[in-house]
Each structure stands twice: as C-alpha cells, then as structure tokens.
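Colleague: Structure in structure tokens, see below.
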Amino acid sequence: MCTDQMTDQIVDRPHRRSFLKISGAVAAMTFAGALSSIAYADALTKAQRGKLSPTDILALMKKGNKRFYTGKRQDHNFLAQQRASAKGQYPAAVLLTCIDSRAPAETILDLRIGDVFNSRVAGNIENADILGSMEFACKISGAKVVLVMGHTACGAIKGAIDNAELGNLTGLLAKIKPAVEATTYAGERTSKNYAFVDAVARKNVEITMGSIRKGSSVLAEMESKGEIKIAGAMYNLETGVVDFFAG
C-alpha cells in the first residue's frame, strides 16, 4: 500500500485526526506494517518523527493542504496539543514563509502545534539569522525538511519589481531583485501583471533554496547525506492549493 492510500484511510478517522496520526500511520507502514500497533498521542514524539523520511514528511504536508482546500480540515484540539508539547518539541520540518496574513502555513497545511518550525519574513527571503535558525531546527532539533514557500500576488515581490524604497524595506526588497532579473518572461514585466509577479515569486523561492545551500554548509552537508530535503512550494491565494517542487 502506498503512502497516499495509507494517509487517505487515516483521514477518515473521526475527531483527533492529525499530522501526527498520519505520520504514525506512515511509520507503521514502513517499519511495523500494522496500523493497530500505533499509539496515538497529542503531539509528535521523537520516536515517531524518527521513523519518517523527508519524503514521508513532504507527502504528509501535501495531504494536509488537500484537506485544507477541499474543506476537510481536521478537528484539532489545540489545548491538548499545547499541553502535550509543553515539555518538549520534535518538529518534522522547518518552513520559511512570507508574513502575508493570507498565507499562514500551519493553517493551509493543516498542521498542529509542534509539527513544524516556521520562519516568516516578507518575501520569504533567507538571511544569516534565518540560516542559523534552520541549522538549529535540523542539526540540533532533528527536523528533516526545509521548505521555502512563496505565494501568489505577493506584495514584497511587487515592491521589488517596482523598485520601491522605504526605510529598512529597501534593503529587504534588494534581496528579491535578483529573482526579478532572473525570471524569463515574454509578457509585460510589471507589478500590474500578476502572471509575471507569480513567475518572479516562484523564481525567488528557487533562488532562496540555492542560497540556503550556499550559505549553510551544515544544511548542504545534511542534504547531501539524505538526512534532510530542501524543497520549494508556491501557495495560490485564489485556490488554496500549494504546489510543491524540488530545486
């Protein structure tokens, strides 16, 4: 049975369905072969995370997004999750996402308290502090996926295209401008053309993924050993769908 089939079955369980429940199911398939042997809890445990591969974790996030955009999000008991994770955390991934209020990663991926680390900054760009945070998340805390997620109609991308200047924002947008220049696009290259804006946003994600590998020898080495996977994604504000991609 494939991971997608397995997780589809688990999604049908009532009430306390979760990223954790599904991750336990994937672990059961891979390592135990029996769903009945999994003990479900309110927060991801170190042992359960340890049985998941980076590919498994990405598959679970894809399933969570599908639940979101089809209106089948799980009935989360956030209070129980808060209590269960208070004395320790074992997130499966670290995300770098935009501050846009319409793109809260934990919601659109249908995640729980304790499932992921999430760094948010306009334009989902990396810097030394974020790289350090990612190194902590993966090397010290054991996360297995680094996901850079941009989104459609991004205001930071529009600002970079328009050469906007405003205090410290000027420097931030300067880090996005290489993506504007690197985007191959035959149509109108302005912020009023949303197709171009979205093309630049995707290119920005790709460039950021490369910058993470270049800027962090720690993460690059972990990826080369298969310990983690660095991936990209684009969230569509109109449809609610997240498009995952490698790069």
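Identifiers for the structure tokens are assigned positionally: chains receive A, B, ... in sequence, residues are indexed from 1 per chain, and ligands are indexed from 1 in the order shown.
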Which residues come within 12 Å of Thr170 in chain A, counting only C-alpha atoms, excluding same-chain residues fewer than 6 positions away, as an mmCIF file with C-alpha atoms, in the first residue's frame?

Modeller:
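Below you can see selection_1.cif, which holds the result:
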data_model
loop_
_atom_site.group_PDB
_atom_site.id
_atom_site.type_symbol
_atom_site.label_atom_id
_atom_site.label_comp_id
_atom_site.auth_asym_id
_atom_site.auth_seq_id
_atom_site.Cartn_x
_atom_site.Cartn_y
_atom_site.Cartn_z
ATOM 1 C CA ALA A 122 8.285 39.435 3.790
ATOM 2 C CA ALA A 156 7.055 42.083 -1.480
ATOM 3 C CA GLY A 159 7.661 46.076 -4.415
ATOM 4 C CA ALA A 160 10.875 44.603 -5.769
ATOM 5 C CA ILE A 161 9.560 44.836 -9.325
ATOM 6 C CA ASP A 162 8.580 48.478 -8.759
ATOM 7 C CA ASN A 163 11.913 49.360 -7.082
ATOM 8 C CA ALA A 164 10.022 50.565 -4.018
ATOM 9 C CA ILE A 176 14.403 39.880 -4.103
ATOM 10 C CA LYS A 177 15.536 41.879 -7.141
#

Colleague: Could you give me, as number ranges by chain, the residues within 8 Å of range 212-220 of chain A, counting only C-alpha atoms and dropping anything in the same chain fewer than 4 positions from it?

Modeller: A: 126, 128, 131, 134-135, 138-139, 208, 224, 228

Colleague: Nearest to Gly155 in chain A: which of A:Glu181, A:Asp100, A:Gly142, A:Leu111 is it, counting only C-alpha atoms?

Modeller: A:Asp100

Colleague: Please extract the residues of range 12-205 of chain A with a backbone DSSP assignment of strand (DSSP E or B) and present them as a PDB file with N, CA, C and O atoms, in the first residue's frame.

Modeller:
ATOM      1  N   ALA A  93       9.696  19.523  10.375  1.00  0.00           N
ATOM      2  CA  ALA A  93      10.195  20.380   9.301  1.00  0.00           C
ATOM      3  C   ALA A  93      10.400  21.797   9.794  1.00  0.00           C
ATOM      4  O   ALA A  93       9.870  22.197  10.842  1.00  0.00           O
ATOM      5  N   VAL A  94      11.178  22.561   9.024  1.00  0.00           N
ATOM      6  CA  VAL A  94      11.313  23.998   9.266  1.00  0.00           C
ATOM      7  C   VAL A  94      10.883  24.701   7.993  1.00  0.00           C
ATOM      8  O   VAL A  94      11.339  24.359   6.894  1.00  0.00           O
ATOM      9  N   LEU A  95       9.991  25.665   8.126  1.00  0.00           N
ATOM     10  CA  LEU A  95       9.449  26.385   6.978  1.00  0.00           C
ATOM     11  C   LEU A  95       9.977  27.816   6.947  1.00  0.00           C
ATOM     12  O   LEU A  95      10.212  28.422   7.991  1.00  0.00           O
ATOM     13  N   LEU A  96      10.155  28.325   5.733  1.00  0.00           N
ATOM     14  CA  LEU A  96      10.459  29.745   5.527  1.00  0.00           C
ATOM     15  C   LEU A  96       9.339  30.275   4.652  1.00  0.00           C
ATOM     16  O   LEU A  96       9.237  29.925   3.472  1.00  0.00           O
ATOM     17  N   THR A  97       8.474  31.104   5.216  1.00  0.00           N
ATOM     18  CA  THR A  97       7.304  31.582   4.503  1.00  0.00           C
ATOM     19  C   THR A  97       7.184  33.099   4.619  1.00  0.00           C
ATOM     20  O   THR A  97       7.899  33.737   5.388  1.00  0.00           O
ATOM     21  N   VAL A 116       5.846  21.818  13.125  1.00  0.00           N
ATOM     22  CA  VAL A 116       6.893  22.468  12.334  1.00  0.00           C
ATOM     23  C   VAL A 116       7.412  23.728  13.016  1.00  0.00           C
ATOM     24  O   VAL A 116       6.714  24.358  13.814  1.00  0.00           O
ATOM     25  N   PHE A 117       8.658  24.074  12.682  1.00  0.00           N
ATOM     26  CA  PHE A 117       9.179  25.407  12.948  1.00  0.00           C
ATOM     27  C   PHE A 117       8.747  26.284  11.762  1.00  0.00           C
ATOM     28  O   PHE A 117       8.679  25.796  10.633  1.00  0.00           O
ATOM     29  N   ASN A 118       8.488  27.575  11.993  1.00  0.00           N
ATOM     30  CA  ASN A 118       8.113  28.436  10.881  1.00  0.00           C
ATOM     31  C   ASN A 118       8.754  29.809  11.020  1.00  0.00           C
ATOM     32  O   ASN A 118       8.484  30.533  11.975  1.00  0.00           O
ATOM     33  N   SER A 119       9.625  30.140  10.067  1.00  0.00           N
ATOM     34  CA  SER A 119      10.228  31.469   9.999  1.00  0.00           C
ATOM     35  C   SER A 119       9.438  32.278   8.982  1.00  0.00           C
ATOM     36  O   SER A 119       9.256  31.836   7.845  1.00  0.00           O
ATOM     37  N   ARG A 120       8.973  33.464   9.382  1.00  0.00           N
ATOM     38  CA  ARG A 120       8.169  34.282   8.472  1.00  0.00           C
ATOM     39  C   ARG A 120       8.833  35.642   8.279  1.00  0.00           C
ATOM     40  O   ARG A 120       9.176  36.330   9.236  1.00  0.00           O
ATOM     41  N   VAL A 145      12.989  18.350   6.972  1.00  0.00           N
ATOM     42  CA  VAL A 145      12.616  19.061   5.744  1.00  0.00           C
ATOM     43  C   VAL A 145      12.811  20.554   5.941  1.00  0.00           C
ATOM     44  O   VAL A 145      12.450  21.097   6.989  1.00  0.00           O
ATOM     45  N   VAL A 146      13.398  21.207   4.945  1.00  0.00           N
ATOM     46  CA  VAL A 146      13.448  22.666   4.880  1.00  0.00           C
ATOM     47  C   VAL A 146      12.562  23.053   3.703  1.00  0.00           C
ATOM     48  O   VAL A 146      12.863  22.712   2.561  1.00  0.00           O
ATOM     49  N   LEU A 147      11.466  23.730   3.989  1.00  0.00           N
ATOM     50  CA  LEU A 147      10.518  24.098   2.932  1.00  0.00           C
ATOM     51  C   LEU A 147      10.440  25.613   2.809  1.00  0.00           C
ATOM     52  O   LEU A 147      10.105  26.310   3.767  1.00  0.00           O
ATOM     53  N   VAL A 148      10.765  26.117   1.613  1.00  0.00           N
ATOM     54  CA  VAL A 148      10.624  27.541   1.314  1.00  0.00           C
ATOM     55  C   VAL A 148       9.317  27.707   0.551  1.00  0.00           C
ATOM     56  O   VAL A 148       9.138  27.115  -0.516  1.00  0.00           O
ATOM     57  N   MET A 149       8.401  28.498   1.096  1.00  0.00           N
ATOM     58  CA  MET A 149       7.097  28.636   0.459  1.00  0.00           C
ATOM     59  C   MET A 149       6.772  30.095   0.146  1.00  0.00           C
ATOM     60  O   MET A 149       6.664  30.931   1.043  1.00  0.00           O
ATOM     61  N   GLY A 150       6.622  30.393  -1.138  1.00  0.00           N
ATOM     62  CA  GLY A 150       6.156  31.689  -1.573  1.00  0.00           C
ATOM     63  C   GLY A 150       4.668  31.625  -1.855  1.00  0.00           C
ATOM     64  O   GLY A 150       4.031  30.595  -1.626  1.00  0.00           O
ATOM     65  N   HIS A 151       4.099  32.709  -2.361  1.00  0.00           N
ATOM     66  CA  HIS A 151       2.675  32.695  -2.670  1.00  0.00           C
ATOM     67  C   HIS A 151       2.366  33.657  -3.804  1.00  0.00           C
ATOM     68  O   HIS A 151       3.171  34.536  -4.140  1.00  0.00           O
TER      69      HIS A 151
END

Colleague: Run DSSP on the backbone and tell me which residues of range 3-210 of chain A come out as helix (DSSP H, G or I); list them as a PyMOL selection string.

Modeller: chain A and resi 3-11+19-32+35-37+46-50+54-69+78-85+105-108+122-124+128-140+155-161+169-174+177-182+194-210

Colleague: From the set A:Val200, A:Glu106, A:Thr45, A:Ala92, which residue has the shortest atom-to-atom contact distance to Phe68 in chain A, counting only C-alpha atoms?

Modeller: A:Glu106

Colleague: Of the residues A:Lys192, A:Lys158, A:Lys46, A:Arg102, which is the one nearest to Leu237 in chain A, using only C-alpha atoms?

Modeller: A:Arg102

Colleague: List the neighbours of Ala246 in chain A out to 8 Å using only C-alpha atoms; skip same-chain residues closer than 3 positions along the sequence, and give me the result as a list of chain:residue names.

Modeller: A:Ile230, A:Ala231, A:Gly232

Colleague: Kindly save the residues from that selection, with N, CA, C and O atoms included, as a PDB file, in the first residue's frame.

Modeller:
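As a result, again_24.pdb now contains:
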ATOM      1  N   ILE A 230      15.671  19.807   1.075  1.00  0.00           N
ATOM      2  CA  ILE A 230      15.329  21.212   0.894  1.00  0.00           C
ATOM      3  C   ILE A 230      14.384  21.290  -0.297  1.00  0.00           C
ATOM      4  O   ILE A 230      14.734  20.869  -1.406  1.00  0.00           O
ATOM      5  N   ALA A 231      13.195  21.804  -0.074  1.00  0.00           N
ATOM      6  CA  ALA A 231      12.177  21.835  -1.118  1.00  0.00           C
ATOM      7  C   ALA A 231      11.549  23.218  -1.208  1.00  0.00           C
ATOM      8  O   ALA A 231      11.722  24.063  -0.333  1.00  0.00           O
ATOM      9  N   GLY A 232      10.810  23.439  -2.296  1.00  0.00           N
ATOM     10  CA  GLY A 232      10.129  24.711  -2.501  1.00  0.00           C
ATOM     11  C   GLY A 232       8.641  24.494  -2.691  1.00  0.00           C
ATOM     12  O   GLY A 232       8.175  23.372  -2.955  1.00  0.00           O
TER      13      GLY A 232
END

Colleague: I want to know what sits within 12 Å of Gln89 in chain A, based on only C-alpha atoms, with residues of the same chain fewer than 3 positions away left out; could you give that as a list in words?

Modeller: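 Residues meeting the cut-off are Asp42, Ala43, Leu44, Thr45, Lys46, Ala47, Arg49, Gln81, Gln82, Arg83, Ala84, Ser85, Ala86, Ala92, Ala93, Arg112, Ile113, Gly114, Asp115, Val116, Phe117, Ala137, Ile140, Ser141, Gly142 and Ala143 of chain A.
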
Colleague: Excluding same-chain residues fewer than 4 positions from Arg73 in chain A, what lies within 9 Å of it counting only C-alpha atoms, as number ranges by chain?

Modeller: A: 64-69, 107, 110

Colleague: Of the candidates A:Asn168, A:Thr152, A:Ser211, A:Asn236, which shows the shortest atom-to-atom distance to Asn193 in chain A, using only C-alpha atoms?

Modeller: A:Thr152

Colleague: Kindly give the distance, in Å, that separates CA of Leu52 in chain A and CA of Gly123 in chain A, rounded to a single decimal.

Modeller: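 Straight-line distance from CA of Leu52 in chain A to CA of Gly123 in chain A works out to 29.7 Å.
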
Colleague: How many Å separate CA of Leu79 in chain A from CA of Gln48 in chain A?

Modeller: 20.8 Å
